[in-house]
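Peer 1: Dumping the structure here so I can ask a few things about it.
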Amino acid sequence: MNTPTSKISGYHAHIYYVADTRPAAEELRGQLDTLFSVKLGRMHDINVGPHTAPMYQVLFSAEDFSDLVPWLMLNRRGLDILIHPETGDDLEDHSTHALWLGNKLDLDWSKL
């Protein structure tokens with residue numbers, strides 16, 4: 001099946017951290033807010049939805065993908081990051097359509 005890219009309404013990046021890497025995640029969050037036109041979710045120090053580690057969400061447009069994702073590749077501070085499109089299919093977006101920077105974490109598929 002061929003899914004047209006026109007189904008993508010935007011992207012989410014989920015920035016994962018643990019207690020020791022929270023300062024790096026906070027610093028990265030500040031830089032994203034300063035350098036890009038993004039909408040930042042709050043930092044969740046507990047598991048939320050399908051995410052099995054603390055994280056915060058970054059919402060960005062399809063137009064910003066080509067600038068933001070390469071920047072994250074070079075500046076992720078060793079953090080694990082899930083990037084996925086928004087197509088209206090949460091399960092597919094978080095699994096089949098997902099891009100990982102760093103380690104791929106297990107997600108709780110029952111929460112989607």
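Identifiers for the structure tokens are assigned positionally: chains receive A, B, ... in sequence, residues are indexed from 1 per chain, and ligands are indexed from 1 in the order shown.
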Find the residues near Tyr17 (chain A): any atom within 8 Å, counting only C-alpha atoms, skip ones fewer than 2 places away on the same chain, and give them as a PyMOL selection string.
Peer 2: chain A and resi 15+19-22+25+53-55+79-80
Peer 1: Going by DSSP on the backbone, which residues of region 6-103 of chain A come out as alpha helix (DSSP H)? List them as number ranges by chain.
Peer 2: A: 22-35, 65-75, 90-94
Peer 1: Give me the residues within 7 Å of Leu40 (chain A) as a ChimeraX atom specification, counting only C-alpha atoms and dropping any in the same chain fewer than 4 places off.
Peer 2: /A:57-59
Peer 1: What does the file look like for those residues with all heavy atoms, as a compact mmCIF listing (two decimals), in the first residue's frame?
Peer 2:
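Output (again-v2.txt):
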# COMPACT_ATOMS: atom_id res chain seq x y z
N GLN A 57 7.12 16.18 24.73
CA GLN A 57 6.75 16.13 23.31
C GLN A 57 7.06 17.47 22.65
O GLN A 57 6.91 18.52 23.26
CB GLN A 57 5.25 15.84 23.23
CG GLN A 57 4.69 15.78 21.84
CD GLN A 57 3.24 15.34 21.88
OE1 GLN A 57 2.95 14.19 21.68
NE2 GLN A 57 2.34 16.26 22.15
N VAL A 58 7.49 17.39 21.41
CA VAL A 58 7.74 18.58 20.59
C VAL A 58 6.90 18.44 19.33
O VAL A 58 7.05 17.46 18.59
CB VAL A 58 9.24 18.68 20.21
CG1 VAL A 58 9.49 19.94 19.39
CG2 VAL A 58 10.13 18.63 21.45
N LEU A 59 6.00 19.38 19.10
CA LEU A 59 5.17 19.36 17.90
C LEU A 59 5.78 20.34 16.89
O LEU A 59 6.13 21.48 17.25
CB LEU A 59 3.74 19.80 18.21
CG LEU A 59 2.86 18.80 18.94
CD1 LEU A 59 3.30 18.65 20.38
CD2 LEU A 59 1.43 19.23 18.88
Peer 1: Which residues are close to Asp90 (chain A), i.e. within 7 Å by only C-alpha atoms, leaving aside same-chain residues fewer than 3 positions away? Reply as an mmCIF file with C-alpha atoms, in the first residue's frame.
Peer 2:
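What ended up in around_31.cif:
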data_model
loop_
_atom_site.group_PDB
_atom_site.id
_atom_site.type_symbol
_atom_site.label_atom_id
_atom_site.label_comp_id
_atom_site.auth_asym_id
_atom_site.auth_seq_id
_atom_site.Cartn_x
_atom_site.Cartn_y
_atom_site.Cartn_z
ATOM 1 C CA ASP A 93 2.612 6.631 13.434
ATOM 2 C CA HIS A 94 4.353 5.453 16.632
ATOM 3 C CA LEU A 112 -2.723 3.468 21.716
#
Peer 1: When you look at His14 (chain A) with a cut-off of 6 Å (counting only C-alpha atoms), what residues show up, excluding the ones that are within fewer than 6 positions of it in the same chain? I need them as a ChimeraX atom specification.
Peer 2: /A:56-57,81-82
Peer 1: Give the strand (DSSP E) residues of chain A, as assigned by DSSP on the backbone, as a PyMOL selection string.
Peer 2: chain A and resi 11-16+39-40+55-60+81-85+99-101
